[in-house]
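Here is the file data.cif (mmCIF, C-alpha atoms and all ligand atoms).
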data_my_file
loop_
_atom_site.group_PDB
_atom_site.id
_atom_site.type_symbol
_atom_site.label_atom_id
_atom_site.label_comp_id
_atom_site.auth_asym_id
_atom_site.auth_seq_id
_atom_site.Cartn_x
_atom_site.Cartn_y
_atom_site.Cartn_z
ATOM 1 C CA MET A 1 13.867 -17.159 -8.835
ATOM 2 C CA ARG A 2 10.604 -15.382 -9.240
ATOM 3 C CA ARG A 3 10.338 -11.690 -9.529
ATOM 4 C CA TYR A 4 7.489 -9.947 -7.764
ATOM 5 C CA PHE A 5 5.976 -6.636 -8.520
ATOM 6 C CA LEU A 6 5.396 -4.434 -5.564
ATOM 7 C CA VAL A 7 2.777 -1.826 -6.090
ATOM 8 C CA LEU A 8 1.922 1.157 -3.995
ATOM 9 C CA LEU A 9 -1.768 0.896 -4.527
ATOM 10 C CA SER A 10 -3.711 3.167 -2.588
ATOM 11 C CA VAL A 11 -3.103 6.696 -1.832
ATOM 12 C CA PHE A 12 -6.238 7.657 -0.069
ATOM 13 C CA MET A 13 -6.458 11.369 0.311
ATOM 14 C CA VAL A 14 -8.890 14.037 1.162
ATOM 15 C CA GLY A 15 -8.604 16.265 -1.836
ATOM 16 C CA ILE A 16 -6.424 14.487 -4.336
ATOM 17 C CA VAL A 17 -5.200 11.086 -5.211
ATOM 18 C CA SER A 18 -2.179 9.830 -6.997
ATOM 19 C CA GLN A 19 -1.381 6.279 -7.889
ATOM 20 C CA SER A 20 1.974 5.025 -9.026
ATOM 21 C CA VAL A 21 2.650 1.642 -10.498
ATOM 22 C CA ILE A 22 6.265 0.696 -10.047
ATOM 23 C CA ALA A 23 7.448 -1.154 -13.092
ATOM 24 C CA ASP A 24 9.905 -4.003 -13.023
ATOM 25 C CA ASP A 25 12.762 -1.898 -14.318
ATOM 26 C CA GLY A 26 12.297 0.601 -11.544
ATOM 27 C CA SER A 27 10.665 3.236 -13.657
ATOM 28 C CA SER A 28 7.524 4.740 -12.304
ATOM 29 C CA LEU A 29 4.317 4.861 -14.286
ATOM 30 C CA PRO A 30 2.169 7.425 -12.548
ATOM 31 C CA THR A 31 -1.509 7.210 -13.305
ATOM 32 C CA ASN A 32 -3.321 10.131 -11.848
ATOM 33 C CA TYR A 33 -6.917 9.201 -12.366
ATOM 34 C CA PHE A 34 -8.715 11.885 -10.504
ATOM 35 C CA ASN A 35 -6.586 14.939 -10.239
ATOM 36 C CA GLN A 36 -4.135 16.577 -12.548
ATOM 37 C CA ASP A 37 -2.342 18.213 -9.631
ATOM 38 C CA ALA A 38 -1.150 14.960 -8.179
ATOM 39 C CA GLY A 39 2.602 14.759 -8.449
ATOM 40 C CA ASP A 40 4.849 12.004 -9.601
ATOM 41 C CA LYS A 41 5.571 9.766 -6.695
ATOM 42 C CA SER A 42 8.541 7.869 -7.998
ATOM 43 C CA THR A 43 9.725 5.682 -5.226
ATOM 44 C CA GLY A 44 12.450 3.682 -6.847
ATOM 45 C CA ASP A 45 12.717 0.018 -7.614
ATOM 46 C CA PHE A 46 10.385 -1.978 -5.455
ATOM 47 C CA SER A 47 10.632 -5.263 -7.244
ATOM 48 C CA ILE A 48 12.145 -7.977 -5.116
ATOM 49 C CA ASP A 49 13.273 -11.533 -5.434
ATOM 50 C CA ASP A 50 11.763 -13.831 -2.887
ATOM 51 C CA PRO A 51 13.722 -17.044 -2.330
ATOM 52 C CA ASN A 52 11.021 -18.419 0.041
ATOM 53 C CA GLU A 53 8.313 -18.328 -2.526
ATOM 54 C CA THR A 54 6.683 -21.626 -3.366
ATOM 55 C CA PRO A 55 6.165 -21.661 -7.127
ATOM 56 C CA SER A 56 2.622 -21.899 -8.273
ATOM 57 C CA ASN A 57 2.152 -21.673 -11.978
ATOM 58 C CA LYS A 58 -1.593 -21.693 -11.828
ATOM 59 C CA LYS A 59 -2.881 -18.579 -13.443
ATOM 60 C CA ILE A 60 -5.835 -17.038 -11.648
ATOM 61 C CA ALA A 61 -8.708 -15.970 -13.885
ATOM 62 C CA ILE A 62 -9.749 -12.393 -13.254
ATOM 63 C CA PRO A 63 -13.383 -11.593 -14.106
ATOM 64 C CA ARG A 64 -14.333 -8.722 -16.399
ATOM 65 C CA ASP A 65 -16.961 -6.075 -15.900
ATOM 66 C CA THR A 66 -17.261 -6.082 -12.137
ATOM 67 C CA PRO A 67 -19.225 -3.137 -10.683
ATOM 68 C CA THR A 68 -16.101 -1.945 -8.821
ATOM 69 C CA PRO A 69 -12.854 -1.940 -10.874
ATOM 70 C CA LEU A 70 -10.253 -4.613 -10.089
ATOM 71 C CA GLU A 71 -6.463 -4.432 -9.889
ATOM 72 C CA GLY A 72 -6.273 -7.773 -11.703
ATOM 73 C CA VAL A 73 -4.832 -9.717 -8.778
ATOM 74 C CA ARG A 74 -6.261 -11.724 -5.877
ATOM 75 C CA TRP A 75 -5.312 -14.165 -3.147
ATOM 76 C CA GLN A 76 -5.086 -17.783 -4.190
ATOM 77 C CA LYS A 77 -7.081 -18.987 -1.184
ATOM 78 C CA LYS A 78 -10.392 -17.700 0.107
ATOM 79 C CA THR A 79 -9.267 -17.739 3.720
ATOM 80 C CA ILE A 80 -7.058 -14.692 4.120
ATOM 81 C CA TRP A 81 -5.005 -14.121 7.262
ATOM 82 C CA ILE A 82 -4.502 -10.667 8.715
ATOM 83 C CA TYR A 83 -2.092 -9.554 11.464
ATOM 84 C CA MET A 84 -2.609 -6.478 13.646
ATOM 85 C CA ARG A 85 0.701 -4.636 13.780
ATOM 86 C CA THR A 86 -0.651 -1.348 15.104
ATOM 87 C CA SER A 87 -1.232 -0.929 18.838
ATOM 88 C CA ASP A 88 -3.241 2.265 18.420
ATOM 89 C CA PRO A 89 -6.660 1.392 19.907
ATOM 90 C CA ARG A 90 -8.595 3.584 17.495
ATOM 91 C CA LEU A 91 -6.901 2.147 14.433
ATOM 92 C CA LYS A 92 -7.337 -1.370 15.812
ATOM 93 C CA SER A 93 -11.101 -0.846 16.049
ATOM 94 C CA ALA A 94 -11.139 0.614 12.552
ATOM 95 C CA PHE A 95 -9.373 -2.441 11.102
ATOM 96 C CA GLN A 96 -11.482 -4.881 13.155
ATOM 97 C CA ASN A 97 -14.679 -3.227 12.001
ATOM 98 C CA ALA A 98 -13.470 -3.206 8.400
ATOM 99 C CA VAL A 99 -12.692 -6.945 8.536
ATOM 100 C CA LYS A 100 -16.188 -7.646 9.896
ATOM 101 C CA ASN A 101 -17.693 -5.678 7.054
ATOM 102 C CA TRP A 102 -15.641 -7.401 4.339
ATOM 103 C CA ASN A 103 -16.533 -10.802 5.805
ATOM 104 C CA LYS A 104 -20.155 -10.087 4.902
ATOM 105 C CA VAL A 105 -19.026 -11.219 1.465
ATOM 106 C CA LYS A 106 -19.599 -14.914 2.084
ATOM 107 C CA GLU A 107 -17.161 -15.910 -0.643
ATOM 108 C CA ILE A 108 -14.105 -15.012 1.466
ATOM 109 C CA LYS A 109 -13.113 -15.219 5.125
ATOM 110 C CA ILE A 110 -10.572 -12.800 6.587
ATOM 111 C CA LYS A 111 -9.214 -14.225 9.830
ATOM 112 C CA TRP A 112 -7.007 -12.647 12.474
ATOM 113 C CA THR A 113 -3.724 -14.334 13.307
ATOM 114 C CA LYS A 114 -1.191 -13.595 16.037
ATOM 115 C CA ASP A 115 1.573 -14.949 13.827
ATOM 116 C CA GLU A 116 2.897 -12.175 11.603
ATOM 117 C CA ASP A 117 4.794 -14.644 9.386
ATOM 118 C CA LYS A 118 1.590 -16.490 8.598
ATOM 119 C CA ALA A 119 -0.296 -13.317 7.690
ATOM 120 C CA ASN A 120 -1.260 -12.332 4.162
ATOM 121 C CA ILE A 121 -2.298 -8.824 5.137
ATOM 122 C CA ILE A 122 -0.600 -6.593 7.707
ATOM 123 C CA ALA A 123 -2.727 -3.929 9.419
ATOM 124 C CA ALA A 124 -0.303 -1.189 10.369
ATOM 125 C CA ASP A 125 0.017 2.452 11.302
ATOM 126 C CA GLY A 126 2.438 4.863 9.748
ATOM 127 C CA ASP A 127 3.310 8.485 9.187
ATOM 128 C CA LEU A 128 2.095 9.361 5.707
ATOM 129 C CA SER A 129 2.543 13.115 6.083
ATOM 130 C CA ALA A 130 5.479 13.150 3.655
ATOM 131 C CA ASN A 131 2.916 12.386 0.957
ATOM 132 C CA ASN A 132 0.697 15.313 1.817
ATOM 133 C CA THR A 133 0.484 17.992 -0.790
ATOM 134 C CA ASN A 134 -0.291 21.624 -1.128
ATOM 135 C CA ASN A 135 -1.450 22.754 -4.535
ATOM 136 C CA GLY A 136 -0.317 26.301 -4.034
ATOM 137 C CA VAL A 137 -3.667 27.920 -3.467
ATOM 138 C CA GLY A 138 -3.896 27.232 0.215
ATOM 139 C CA TYR A 139 -5.717 23.947 -0.152
ATOM 140 C CA GLN A 140 -3.930 21.324 1.879
ATOM 141 C CA THR A 141 -4.653 17.664 1.316
ATOM 142 C CA ALA A 142 -3.841 14.816 3.642
ATOM 143 C CA GLN A 143 -3.147 11.200 2.968
ATOM 144 C CA LEU A 144 -5.031 9.072 5.463
ATOM 145 C CA GLY A 145 -4.028 5.594 4.430
ATOM 146 C CA GLU A 146 -2.246 3.520 1.860
ATOM 147 C CA THR A 147 -1.872 -0.095 0.846
ATOM 148 C CA LYS A 148 1.192 -1.712 -0.648
ATOM 149 C CA THR A 149 0.809 -5.016 -2.419
ATOM 150 C CA GLU A 150 3.192 -7.568 -3.830
ATOM 151 C CA TYR A 151 1.913 -9.910 -6.467
ATOM 152 C CA ASN A 152 3.063 -12.318 -9.105
ATOM 153 C CA PRO A 153 2.362 -10.689 -12.477
ATOM 154 C CA ASP A 154 2.369 -14.056 -14.274
ATOM 155 C CA THR A 155 -0.259 -15.772 -12.148
ATOM 156 C CA HIS A 156 -2.103 -12.682 -10.815
ATOM 157 C CA GLU A 157 -1.640 -14.055 -7.330
ATOM 158 C CA LEU A 158 -1.309 -11.661 -4.403
ATOM 159 C CA HIS A 159 1.676 -12.456 -2.233
ATOM 160 C CA LYS A 160 1.562 -9.833 0.515
ATOM 161 C CA ALA A 161 -0.379 -6.678 1.368
ATOM 162 C CA THR A 162 0.271 -4.001 3.967
ATOM 163 C CA SER A 163 -2.478 -1.528 4.785
ATOM 164 C CA ILE A 164 -1.398 1.558 6.677
ATOM 165 C CA LEU A 165 -3.523 4.147 8.459
ATOM 166 C CA ASP A 166 -2.015 7.413 9.658
ATOM 167 C CA PRO A 167 -3.106 8.031 13.276
ATOM 168 C CA TYR A 168 -2.232 11.739 13.161
ATOM 169 C CA GLN A 169 -4.139 12.477 9.975
ATOM 170 C CA LEU A 170 -7.112 10.576 11.404
ATOM 171 C CA ASP A 171 -6.877 12.270 14.788
ATOM 172 C CA TYR A 172 -10.008 14.388 14.562
ATOM 173 C CA THR A 173 -12.154 11.932 12.667
ATOM 174 C CA ASN A 174 -14.925 9.745 14.087
ATOM 175 C CA PRO A 175 -14.863 5.928 14.426
ATOM 176 C CA ASN A 176 -17.215 5.466 11.503
ATOM 177 C CA PHE A 177 -15.003 7.471 9.171
ATOM 178 C CA ARG A 178 -11.861 5.661 10.343
ATOM 179 C CA SER A 179 -13.572 2.332 9.679
ATOM 180 C CA GLU A 180 -14.478 3.484 6.168
ATOM 181 C CA VAL A 181 -10.872 4.419 5.444
ATOM 182 C CA ALA A 182 -9.808 0.970 6.725
ATOM 183 C CA GLN A 183 -12.489 -0.653 4.525
ATOM 184 C CA HIS A 184 -11.080 1.244 1.536
ATOM 185 C CA GLU A 185 -7.519 0.117 2.276
ATOM 186 C CA LEU A 186 -8.531 -3.518 2.835
ATOM 187 C CA GLY A 187 -10.476 -3.293 -0.427
ATOM 188 C CA HIS A 188 -7.111 -2.704 -2.122
ATOM 189 C CA ALA A 189 -5.586 -5.553 -0.103
ATOM 190 C CA LEU A 190 -8.290 -7.862 -1.521
ATOM 191 C CA GLY A 191 -7.757 -6.772 -5.135
ATOM 192 C CA LEU A 192 -10.067 -3.808 -5.715
ATOM 193 C CA ALA A 193 -8.916 -0.720 -7.595
ATOM 194 C CA HIS A 194 -10.199 2.827 -7.350
ATOM 195 C CA ALA A 195 -13.757 3.438 -8.507
ATOM 196 C CA PRO A 196 -14.721 6.549 -10.452
ATOM 197 C CA GLU A 197 -16.324 9.414 -8.534
ATOM 198 C CA TYR A 198 -19.829 8.701 -9.801
ATOM 199 C CA GLU A 199 -19.863 5.079 -8.588
ATOM 200 C CA HIS A 200 -21.413 4.024 -5.303
ATOM 201 C CA SER A 201 -18.347 2.364 -3.833
ATOM 202 C CA VAL A 202 -16.016 2.474 -0.856
ATOM 203 C CA MET A 203 -13.231 2.549 -3.454
ATOM 204 C CA VAL A 204 -13.958 6.104 -4.580
ATOM 205 C CA PRO A 205 -10.708 7.615 -3.355
ATOM 206 C CA ARG A 206 -11.500 11.196 -2.528
ATOM 207 C CA ASN A 207 -13.660 12.448 0.285
ATOM 208 C CA ILE A 208 -15.048 9.060 1.079
ATOM 209 C CA ARG A 209 -18.830 9.131 1.385
ATOM 210 C CA THR A 210 -19.741 5.552 2.031
ATOM 211 C CA GLY A 211 -18.623 2.244 3.479
ATOM 212 C CA ILE A 212 -18.586 -1.034 1.560
ATOM 213 C CA THR A 213 -21.513 -1.088 -0.863
ATOM 214 C CA LYS A 214 -23.504 -3.836 -2.537
ATOM 215 C CA ASN A 215 -21.412 -3.214 -5.688
ATOM 216 C CA ASP A 216 -18.184 -3.731 -3.738
ATOM 217 C CA ARG A 217 -19.440 -6.975 -2.196
ATOM 218 C CA LYS A 218 -20.582 -8.200 -5.587
ATOM 219 C CA SER A 219 -17.161 -7.419 -7.079
ATOM 220 C CA ILE A 220 -15.303 -9.365 -4.391
ATOM 221 C CA HIS A 221 -17.773 -12.234 -4.837
ATOM 222 C CA LEU A 222 -17.100 -12.334 -8.594
ATOM 223 C CA LEU A 223 -13.345 -12.071 -8.084
ATOM 224 C CA TYR A 224 -13.132 -14.990 -5.647
ATOM 225 C CA GLN A 225 -15.920 -17.293 -6.812
HETATM 226 ZN ZN ZN B 301 -7.104 3.964 -2.461
#
Let me see whether you can do it: turn the structure in this file into structure tokens.
Ligand SMILES: [Zn+2]
Amino acid sequence: MRRYFLVLLSVFMVGIVSQSVIADDGSSLPTNYFNQDAGDKSTGDFSIDDPNETPSNKKIAIPRDTPTPLEGVRWQKKTIWIYMRTSDPRLKSAFQNAVKNWNKVKEIKIKWTKDEDKANIIAADGDLSANNTNNGVGYQTAQLGETKTEYNPDTHELHKATSILDPYQLDYTNPNFRSEVAQHELGHALGLAHAPEYEHSVMVPRNIRTGITKNDRKSIHLLYQ
């Protein structure tokens, strides 16, 4: 039986970000890259045993020095299937637009499927308000989206990703902004990590200022080539 790691990757917030890597023994290793106020988000043991997994012992090579940082995992195949679980029309457009934008990286092809079991990535909605924080000086921050991934730590192969947008937190935003949040979350689902504030990247987690950049496309190209 193979043990997967399940990682809560992306906590996209206006204001702060916190990222927790759930270790195999259930302990949480919080890495708060951009804000000291971000709390520990221990969420218990997320590692699972998957009896349906087809063993593949081929280790995927992860490139170094990409313009946008990598999580160190990727999909085995370059055709990646995505399933639309949300029925919220505004979130659907955001995800659809984000997929179009990621497909401009010719190296990969993200395709929609109506079969959830076949899907690699799930595009979902969810209430992320429990993760919102208040730092005590009247500055409220909201989590807009998050992506959970499961991967095989031995082969670096992604097994499943779920990207969630919160329709309530995104209520008063415009379509362009919602698409950018979806692009950020799907960036995680493809294997990108958070970029530092000074980088020109959709993976800068706080107060997103841009969609997918040339650097982001180049990074995905290098990861999947
Ligand atoms: Zn993120």
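For the pair CA of Ala61 in chain A and CA of Ala123 in chain A, the interatomic distance is 26.9 Å.
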(request) Determine, counting all atoms listed in the file, which protein, DNA and RNA residues have an atom within 10 Å of an atom of Pro69 in chain A; residues of the same chain fewer than 5 positions away are not included. Present the result as JSON, numbers by chain. (result) {"A": [64, 191, 192, 193, 194, 195, 196, 201, 203, 216, 219]}
(message) List as a ChimeraX atom specification the residues having at least one atom at most 9 Å from position (-7.6, -2.7, -0.1) as given in the file, counting only C-alpha atoms.
(response) /A:9-10,146-148,161-163,182-193,203
(request) Pull out every residue that the PyMOL selection byres (((chain A and resi 60) around 7) and not hetatm) matches in the shown coordinates and put them as a PyMOL selection string. (result) chain A and resi 58-59+61-62+155-157
(message) I need the output of the PyMOL selection byres (((chain A and resi 124-131) around 8) and not hetatm) for this file as a ChimeraX atom specification; which residues are they?
(response) /A:84-86,88,91,122-123,132-133,142-145,162-169
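For the pair CA of Lys92 in chain A and CA of Pro175 in chain A, the interatomic distance is 10.6 Å.
Nearest-residue note for ligand ZN 301 (chain B): choosing from A:Arg206, A:Lys218, A:Lys114, A:Lys160, the minimum distance belongs to A:Arg206, counting all atoms listed in the file.
Nearest to ligand ZN 301 (chain B) of all the residues A:Val181, A:His221, A:Thr66, A:Gly72 is A:Val181, based on only C-alpha atoms and all ligand atoms.
With only C-alpha atoms and all ligand atoms as the atoms that count, the minimum distance from ligand ZN 301 (chain B) to the choices A:Asn174, A:Val202, A:Tyr224, A:Ala119 is reached by A:Val202.
Shortest separation to ligand ZN 301 (chain B) among A:Val204, A:Thr173, A:Gly211, A:Thr68 occurs at residue A:Val204, atoms counted being only C-alpha atoms and all ligand atoms.
Closest to Tyr151 in chain A among A:Asn120, A:Lys106, A:Asp115, A:Trp81 is A:Asn120, based on only C-alpha atoms.
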(request) Just give me the gap between CA of Val99 in chain A and CA of Ser179 in chain A in Å, one decimal is fine. (result) 9.4 Å
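The smallest atom-to-atom distance between ligand ZN 301 (chain B) and any of A:Thr149, A:Asp171, A:His159, A:Asp117, using only C-alpha atoms and all ligand atoms, is found for A:Thr149.
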